[in-house]
$ cat input.txt   # compact mmCIF, C-alpha atoms
# COMPACT_ATOMS: atom_id res chain seq x y z
CA MET B 8 0.00 0.00 0.00
CA ILE B 9 1.23 3.49 -0.89
CA ILE B 10 0.92 5.64 2.24
CA ILE B 11 0.64 9.41 1.76
CA GLY B 12 1.30 10.85 5.21
CA GLU B 13 -1.28 13.53 6.03
CA LYS B 14 0.17 15.20 9.13
CA ILE B 15 1.94 18.21 7.57
CA ASN B 16 -1.17 20.20 6.73
CA GLY B 17 -1.82 23.77 7.78
CA SER B 18 -5.52 23.05 8.27
CA ILE B 19 -4.52 21.08 11.39
CA PRO B 20 -4.48 23.78 14.10
CA ALA B 21 -1.15 22.78 15.66
CA VAL B 22 0.50 22.62 12.25
CA GLY B 23 -1.01 25.93 11.20
CA GLU B 24 0.42 27.52 14.32
CA ALA B 25 3.85 26.00 13.64
CA ILE B 26 3.78 27.33 10.08
CA ALA B 27 2.86 30.81 11.28
CA LYS B 28 5.72 30.74 13.80
CA ARG B 29 8.11 29.07 11.31
CA ASP B 30 8.70 26.32 13.89
CA ALA B 31 10.86 23.98 11.81
CA ALA B 32 11.45 21.53 14.68
CA PHE B 33 7.71 20.88 15.07
CA ILE B 34 7.29 20.18 11.36
CA GLN B 35 10.38 17.98 11.22
CA ASN B 36 9.35 15.88 14.21
CA ARG B 37 6.08 15.11 12.46
CA VAL B 38 7.97 14.20 9.30
CA LYS B 39 10.29 11.81 11.13
CA ALA B 40 7.38 10.15 12.95
CA GLN B 41 5.56 9.55 9.66
CA GLU B 42 8.67 8.12 8.03
CA ALA B 43 9.15 5.75 10.99
CA GLY B 44 5.49 4.74 10.71
CA GLY B 45 5.87 3.63 7.10
CA ALA B 46 4.97 6.64 4.93
CA THR B 47 5.73 6.44 1.21
CA PHE B 48 5.15 10.15 0.55
CA ILE B 49 4.98 13.14 2.90
CA ASP B 50 2.05 15.37 2.02
CA CYS B 51 2.83 19.08 2.33
CA CYS B 52 -0.12 21.48 2.43
CA ALA B 53 0.20 25.10 3.59
CA SER B 54 -3.50 26.07 3.87
CA VAL B 55 -2.66 29.76 3.70
CA PRO B 56 -3.97 32.45 1.30
CA GLU B 57 -2.78 31.80 -2.24
CA ALA B 58 -0.67 34.95 -2.30
CA GLN B 59 1.45 33.47 0.52
CA GLU B 60 1.31 29.86 -0.59
CA VAL B 61 4.39 29.45 -2.79
CA GLU B 62 6.72 31.07 -0.26
CA THR B 63 5.18 29.08 2.58
CA LEU B 64 5.43 25.79 0.68
CA LYS B 65 9.07 26.50 -0.09
CA TRP B 66 9.81 26.88 3.61
CA MET B 67 7.85 23.71 4.44
CA ILE B 68 9.45 21.65 1.67
CA ASP B 69 12.92 22.78 2.74
CA CYS B 70 12.13 21.75 6.33
CA ILE B 71 10.93 18.34 5.20
CA GLN B 72 13.90 17.67 2.94
CA GLU B 73 16.35 18.45 5.74
CA VAL B 74 15.23 15.34 7.65
CA THR B 75 14.00 12.81 5.07
CA ASP B 76 14.64 11.53 1.55
CA LEU B 77 10.99 10.49 1.14
CA PRO B 78 9.29 12.10 -1.86
CA ILE B 79 6.88 14.95 -1.19
CA SER B 80 3.23 15.23 -2.13
CA VAL B 81 2.94 18.94 -2.98
CA ASP B 82 -0.61 19.79 -1.95
CA SER B 83 -2.56 22.85 -3.10
CA PRO B 84 -5.98 23.54 -4.64
CA SER B 85 -4.22 25.87 -7.09
CA ALA B 86 -2.58 24.40 -10.19
CA ASP B 87 -0.62 27.64 -10.58
CA VAL B 88 0.87 27.17 -7.11
CA LEU B 89 1.71 23.54 -7.82
CA VAL B 90 3.65 24.31 -10.99
CA GLN B 91 5.81 26.74 -9.02
CA ALA B 92 6.19 24.81 -5.76
CA TYR B 93 7.15 21.42 -7.22
CA LYS B 94 10.46 22.96 -8.34
CA PHE B 95 11.58 23.17 -4.71
CA CYS B 96 11.62 19.38 -4.42
CA LYS B 97 14.96 17.60 -4.78
CA ARG B 98 13.40 14.43 -6.14
CA PRO B 99 10.22 13.49 -8.03
CA GLY B 100 7.08 13.46 -5.92
CA LEU B 101 3.33 13.77 -6.24
CA PHE B 102 1.14 16.62 -7.51
CA ASN B 103 -1.87 16.84 -5.20
CA SER B 104 -3.98 17.34 -7.18
CA VAL B 105 -5.63 17.63 -10.59
CA SER B 106 -9.26 17.02 -11.51
CA GLY B 107 -11.76 17.52 -14.30
CA GLU B 108 -12.31 21.05 -12.99
CA GLY B 109 -11.29 24.00 -15.17
CA ASP B 110 -7.88 23.78 -16.79
CA LYS B 111 -5.99 22.11 -13.93
CA ILE B 112 -5.01 19.07 -15.98
CA ASP B 113 -3.82 21.23 -18.86
CA LYS B 114 -1.48 23.01 -16.45
CA ILE B 115 -0.13 19.98 -14.57
CA PHE B 116 0.03 17.19 -17.18
CA PRO B 117 2.28 19.18 -19.58
CA VAL B 118 4.71 19.69 -16.68
CA MET B 119 4.64 15.95 -15.95
CA ALA B 120 5.23 15.22 -19.65
CA ARG B 121 8.59 17.01 -19.68
CA PRO B 122 11.46 14.49 -19.91
CA GLU B 123 13.06 15.79 -16.70
CA ASN B 124 9.79 15.22 -14.80
CA LYS B 125 9.08 11.62 -15.82
CA GLY B 126 9.24 10.50 -12.19
CA TRP B 127 6.45 12.81 -11.04
CA GLN B 128 3.01 11.39 -10.28
CA ALA B 129 -0.38 13.05 -9.68
CA ILE B 130 -3.54 12.51 -7.69
CA ALA B 131 -6.58 12.94 -9.97
CA LEU B 132 -9.91 13.75 -8.32
CA LEU B 133 -13.09 12.51 -9.99
CA SER B 134 -14.77 15.91 -9.88
CA ASP B 135 -15.43 18.48 -12.58
CA ASP B 136 -16.96 21.92 -13.01
CA THR B 137 -20.30 20.63 -11.69
CA GLY B 138 -18.69 19.53 -8.41
CA ILE B 139 -18.56 15.95 -7.13
CA PRO B 140 -20.83 13.76 -9.26
CA LYS B 141 -23.42 11.90 -7.20
CA SER B 142 -23.44 8.63 -9.11
CA ALA B 143 -20.71 6.14 -9.85
CA ALA B 144 -21.54 6.36 -13.56
CA ASP B 145 -20.97 10.11 -13.61
CA ARG B 146 -17.70 9.85 -11.68
CA LEU B 147 -16.53 7.26 -14.18
CA LYS B 148 -17.31 9.70 -17.00
CA VAL B 149 -14.88 12.14 -15.34
CA PHE B 150 -12.39 9.28 -15.07
CA ASP B 151 -12.67 8.64 -18.81
CA LYS B 152 -11.99 12.33 -19.55
CA ILE B 153 -8.95 12.34 -17.26
CA MET B 154 -7.55 9.23 -18.91
CA ALA B 155 -8.09 10.75 -22.36
CA LYS B 156 -6.00 13.71 -21.20
CA ALA B 157 -3.35 11.34 -19.82
CA GLU B 158 -3.12 9.66 -23.22
CA GLU B 159 -2.95 13.05 -24.96
CA TYR B 160 0.03 14.09 -22.82
CA GLY B 161 1.68 10.67 -22.72
CA ILE B 162 1.21 10.15 -18.96
CA ALA B 163 1.47 6.45 -18.07
CA HIS B 164 -1.29 4.93 -15.97
CA ASN B 165 1.09 4.08 -13.12
CA ARG B 166 1.84 7.78 -12.62
CA ILE B 167 -1.77 8.56 -11.73
CA HIS B 168 -3.57 8.06 -8.40
CA ILE B 169 -7.31 8.18 -9.03
CA ASP B 170 -9.27 9.58 -6.07
CA PRO B 171 -12.95 8.51 -6.19
CA LEU B 172 -13.74 11.21 -3.57
CA VAL B 173 -14.83 9.72 -0.29
CA GLU B 174 -17.66 11.66 1.33
CA MET B 175 -19.15 11.61 4.83
CA LEU B 176 -20.96 8.36 5.50
CA CYS B 177 -23.57 10.02 7.72
CA THR B 178 -24.81 12.34 4.96
CA SER B 179 -24.47 10.03 1.97
CA GLU B 180 -27.35 7.88 0.74
CA ASN B 181 -25.16 5.34 -1.04
CA GLY B 182 -21.60 6.61 -0.55
CA ILE B 183 -20.02 3.24 0.16
CA GLU B 184 -21.76 1.57 -2.77
CA THR B 185 -20.66 4.42 -5.06
CA ASN B 186 -17.04 4.32 -3.91
CA VAL B 187 -16.76 0.54 -4.14
CA GLU B 188 -18.25 0.57 -7.64
CA VAL B 189 -15.90 3.33 -8.79
CA ILE B 190 -12.80 1.73 -7.26
CA SER B 191 -13.53 -1.75 -8.57
CA THR B 192 -14.41 -0.48 -12.07
CA VAL B 193 -11.29 1.68 -12.33
CA ARG B 194 -9.17 -1.26 -11.14
CA LYS B 195 -10.67 -3.54 -13.81
CA ARG B 196 -10.26 -0.99 -16.59
CA CYS B 197 -6.72 0.06 -15.68
CA PRO B 198 -4.88 -2.60 -13.65
CA ASP B 199 -1.68 -0.50 -13.54
CA ILE B 200 -3.26 2.67 -12.21
CA HIS B 201 -3.15 3.68 -8.54
CA ILE B 202 -6.35 4.35 -6.63
CA THR B 203 -6.17 6.53 -3.54
CA ALA B 204 -8.50 8.03 -0.94
CA ALA B 205 -8.50 10.37 2.03
CA VAL B 206 -9.68 7.64 4.35
CA SER B 207 -10.76 9.80 7.29
CA ASN B 208 -13.30 11.73 5.18
CA ILE B 209 -15.70 8.82 5.57
CA SER B 210 -16.15 9.31 9.32
CA PHE B 211 -16.70 13.06 9.76
CA ASN B 212 -19.38 13.87 12.38
CA LEU B 213 -19.53 10.28 13.66
CA PRO B 214 -18.53 9.02 17.11
CA VAL B 215 -15.48 6.76 17.48
CA ARG B 216 -14.31 7.72 14.00
CA LYS B 217 -11.46 5.23 14.13
CA MET B 218 -13.83 2.28 13.80
CA ILE B 219 -15.46 3.66 10.65
CA ASN B 220 -12.06 4.50 9.13
CA LEU B 221 -10.74 1.00 9.78
CA GLY B 222 -13.83 -0.70 8.36
CA PHE B 223 -13.85 1.47 5.25
CA THR B 224 -10.16 0.83 4.59
CA VAL B 225 -10.74 -2.93 4.45
CA LEU B 226 -13.72 -2.53 2.10
CA ALA B 227 -11.82 -0.14 -0.17
CA MET B 228 -8.69 -2.30 -0.31
CA ASN B 229 -10.81 -5.31 -1.20
CA ALA B 230 -12.30 -3.27 -4.08
CA GLY B 231 -8.84 -2.27 -5.38
CA LEU B 232 -7.54 0.69 -3.33
CA ASP B 233 -3.71 0.59 -3.28
CA SER B 234 -2.91 4.11 -2.05
CA ALA B 235 -4.26 6.17 0.84
CA ILE B 236 -3.92 9.58 2.44
CA LEU B 237 -3.81 8.88 6.16
CA ASP B 238 -1.83 9.06 9.40
CA PRO B 239 1.03 6.53 9.23
CA THR B 240 1.66 6.99 12.96
CA ASN B 241 -1.74 5.38 13.64
CA ARG B 242 -0.54 1.90 14.63
CA ASP B 243 -4.00 0.32 14.44
CA MET B 244 -4.53 1.58 10.90
CA MET B 245 -1.07 0.49 9.74
CA GLY B 246 -1.52 -2.95 11.28
CA LEU B 247 -4.88 -3.30 9.58
CA ILE B 248 -3.37 -2.38 6.21
CA TYR B 249 -0.55 -4.93 6.50
CA ALA B 250 -3.03 -7.58 7.65
CA THR B 251 -5.47 -6.84 4.83
CA GLU B 252 -2.72 -7.01 2.21
CA ALA B 253 -1.74 -10.42 3.57
CA LEU B 254 -5.36 -11.63 3.53
CA LEU B 255 -5.84 -10.40 -0.05
CA GLY B 256 -2.82 -12.38 -1.21
CA LEU B 257 -0.73 -9.25 -1.85
CA ASP B 258 2.00 -10.18 0.62
CA ASP B 259 3.83 -13.41 -0.22
CA TYR B 260 4.22 -15.59 2.86
CA CYS B 261 3.15 -12.57 4.98
CA MET B 262 6.71 -11.26 4.85
CA GLU B 263 5.73 -7.57 4.81
CA TYR B 264 3.35 -8.14 7.71
CA ILE B 265 6.04 -9.88 9.74
CA SER B 266 8.70 -7.29 8.90
CA ALA B 267 6.42 -4.37 9.80
CA TYR B 268 5.63 -6.00 13.14
CA ARG B 269 9.29 -6.61 13.89
CA GLU B 270 10.06 -2.97 13.01
CA GLY B 271 7.41 -1.81 15.48
CA ARG B 272 5.02 -0.23 13.00
CA PHE B 273 2.02 -1.87 14.68
CA GLY B 274 1.21 -4.09 17.63
CA PRO B 275 2.18 -3.43 21.25
CA VAL B 276 4.57 -0.57 21.78
CA LYS B 277 7.97 -2.13 22.38
CA GLN B 278 10.03 -0.77 25.25
$ encode --input "input.txt" --output "structure tokens"
Amino acid sequence: MIIIGEKINGSIPAVGEAIAKRDAAFIQNRVKAQEAGGATFIDCCASVPEAQEVETLKWMIDCIQEVTDLPISVDSPSADVLVQAYKFCKRPGLFNSVSGEGDKIDKIFPVMARPENKGWQAIALLSDDTGIPKSAADRLKVFDKIMAKAEEYGIAHNRIHIDPLVEMLCTSENGIETNVEVISTVRKRCPDIHITAAVSNISFNLPVRKMINLGFTVLAMNAGLDSAILDPTNRDMMGLIYATEALLGLDDYCMEYISAYREGRFGPVKQ
């Protein structure tokens, strides 16, 4: 499973305060904890006004790269910010994100198509100018448009992380059914593509959110999810992911499960 660590995000109050104070040690401690937990990428989101965003992301990216060699997921709702901020990264990472909205793809995919950027990947949200489509069929229409753009720009399937857009369970009439249908259909159509999700979105406004998040992760992985935006320091979640991969036959002889346990990524805290 590709783990996109979510803990360097200015929308988290403590992180927002650290960004405002330029508290590098706070940011770096969170980075190191996520790396130790098993993160594949470190997401980096400033959550500041766009006029301040590029400068703020540069400071954050520099802080992150001082303490880890993990690739960075450069996170902004603005494609214009992304095409400036990615240049601060020392190694290829992840554009977070593009979608069917406006001209975002036509700004990001040409950058990814440059020979020097062949290692860069992108999260692609299944939304468009109408918002988040309600039905699986309509989200899959957005998927088809995104993939047509990928073909136009020569972006290989394995460089794209499709996000089906997980919504709150408590306000969705058929959210789980929609997500499972989208994930499983995308997986069948494009076996080499990545499928990601912000797992914790499912449990907003519900008690004991952890239980909903854990249950959804199993369902989504069974449908074909192979990437997730989550907290890699959550030992229960990481243990569940390793266990589910083993149960789905994605971990030969359970070696990854055993190694992760021995490295202390889940299970009882070892003294």
$ closest_residue --input "input.txt" --among "B:Lys141, B:Lys39, B:Lys195, B:Lys277" --to "Leu77 (chain B)" --atoms "all atoms listed in the file"
B:Lys39
$ residues_around --input "input.txt" --residues "Gly246 (chain B)" --least-positions-apart "2" --cutoff "9 Å" --atoms "all atoms listed in the file" --output "mmCIF file with C-alpha atoms, keeping the file's coordinate frame"
data_model
loop_
_atom_site.group_PDB
_atom_site.id
_atom_site.type_symbol
_atom_site.label_atom_id
_atom_site.label_comp_id
_atom_site.auth_asym_id
_atom_site.auth_seq_id
_atom_site.Cartn_x
_atom_site.Cartn_y
_atom_site.Cartn_z
ATOM 1 C CA ASN B 241 -1.740 5.380 13.640
ATOM 2 C CA ARG B 242 -0.540 1.900 14.630
ATOM 3 C CA ASP B 243 -4.000 0.320 14.440
ATOM 4 C CA MET B 244 -4.530 1.580 10.900
ATOM 5 C CA ILE B 248 -3.370 -2.380 6.210
ATOM 6 C CA TYR B 249 -0.550 -4.930 6.500
ATOM 7 C CA ALA B 250 -3.030 -7.580 7.650
ATOM 8 C CA THR B 251 -5.470 -6.840 4.830
ATOM 9 C CA TYR B 264 3.350 -8.140 7.710
ATOM 10 C CA ALA B 267 6.420 -4.370 9.800
ATOM 11 C CA TYR B 268 5.630 -6.000 13.140
ATOM 12 C CA ARG B 272 5.020 -0.230 13.000
ATOM 13 C CA PHE B 273 2.020 -1.870 14.680
ATOM 14 C CA GLY B 274 1.210 -4.090 17.630
#
$ closest_residue --input "input.txt" --among "B:Thr203, B:Ser85, B:Ser18, B:Thr137" --to "Ala227 (chain B)" --atoms "all atoms listed in the file"
B:Thr203
$ residues_near_point --input "input.txt" --point "(-8.5, 1.2, -7.2)" --cutoff "7 Å" --atoms "all atoms listed in the file" --output "PyMOL selection string"
chain B and resi 190-191+193-194+201-203+230-233
$ atom_distance --input "input.txt" --atom1 "CA of Glu24 (chain B)" --atom2 "CA of Lys65 (chain B)"
16.8 Å
$ atom_distance --input "input.txt" --atom1 "CA of Thr240 (chain B)" --atom2 "CA of Val38 (chain B)"
10.3 Å
$ residues_near_point --input "input.txt" --point "(4.5, 28.2, 2.3)" --cutoff "10 Å" --atoms "only C-alpha atoms" --output "list in words"
Gly17, Ile26, Ala27, Arg29, Cys51, Cys52, Ala53, Ser54, Val55, Pro56, Glu57, Ala58, Gln59, Glu60, Val61, Glu62, Thr63, Leu64, Lys65, Trp66, Met67, Ile68 and Ala92 of chain B
$ decode --input "input.txt" --residues "region 227-238 of chain B" --atoms "N, CA and C atoms" --output "PDB file, in the first residue's frame"
ATOM      1  N   ALA B 227     -12.415  -0.805   0.988  1.00  0.00           N
ATOM      2  CA  ALA B 227     -11.820  -0.143  -0.171  1.00  0.00           C
ATOM      3  C   ALA B 227     -10.638  -0.934  -0.723  1.00  0.00           C
ATOM      4  N   MET B 228      -9.811  -1.489   0.161  1.00  0.00           N
ATOM      5  CA  MET B 228      -8.689  -2.297  -0.306  1.00  0.00           C
ATOM      6  C   MET B 228      -9.187  -3.541  -1.027  1.00  0.00           C
ATOM      7  N   ASN B 229     -10.250  -4.126  -0.544  1.00  0.00           N
ATOM      8  CA  ASN B 229     -10.807  -5.305  -1.201  1.00  0.00           C
ATOM      9  C   ASN B 229     -11.326  -4.962  -2.594  1.00  0.00           C
ATOM     10  N   ALA B 230     -11.792  -3.710  -2.768  1.00  0.00           N
ATOM     11  CA  ALA B 230     -12.296  -3.267  -4.077  1.00  0.00           C
ATOM     12  C   ALA B 230     -11.172  -2.885  -5.026  1.00  0.00           C
ATOM     13  N   GLY B 231      -9.965  -2.599  -4.502  1.00  0.00           N
ATOM     14  CA  GLY B 231      -8.844  -2.270  -5.376  1.00  0.00           C
ATOM     15  C   GLY B 231      -8.024  -1.070  -4.967  1.00  0.00           C
ATOM     16  N   LEU B 232      -8.338  -0.437  -3.820  1.00  0.00           N
ATOM     17  CA  LEU B 232      -7.539   0.687  -3.334  1.00  0.00           C
ATOM     18  C   LEU B 232      -6.114   0.221  -3.045  1.00  0.00           C
ATOM     19  N   ASP B 233      -5.108   0.967  -3.555  1.00  0.00           N
ATOM     20  CA  ASP B 233      -3.711   0.593  -3.276  1.00  0.00           C
ATOM     21  C   ASP B 233      -2.884   1.789  -2.812  1.00  0.00           C
ATOM     22  N   SER B 234      -3.564   2.881  -2.484  1.00  0.00           N
ATOM     23  CA  SER B 234      -2.907   4.109  -2.051  1.00  0.00           C
ATOM     24  C   SER B 234      -3.877   4.806  -1.112  1.00  0.00           C
ATOM     25  N   ALA B 235      -3.351   5.501  -0.100  1.00  0.00           N
ATOM     26  CA  ALA B 235      -4.258   6.169   0.837  1.00  0.00           C
ATOM     27  C   ALA B 235      -3.582   7.360   1.483  1.00  0.00           C
ATOM     28  N   ILE B 236      -4.374   8.401   1.713  1.00  0.00           N
ATOM     29  CA  ILE B 236      -3.922   9.579   2.444  1.00  0.00           C
ATOM     30  C   ILE B 236      -4.388   9.401   3.879  1.00  0.00           C
ATOM     31  N   LEU B 237      -3.440   9.174   4.783  1.00  0.00           N
ATOM     32  CA  LEU B 237      -3.808   8.877   6.158  1.00  0.00           C
ATOM     33  C   LEU B 237      -2.636   9.153   7.094  1.00  0.00           C
ATOM     34  N   ASP B 238      -2.840   8.845   8.363  1.00  0.00           N
ATOM     35  CA  ASP B 238      -1.833   9.065   9.398  1.00  0.00           C
ATOM     36  C   ASP B 238      -1.009   7.794   9.586  1.00  0.00           C
TER      37      ASP B 238
END
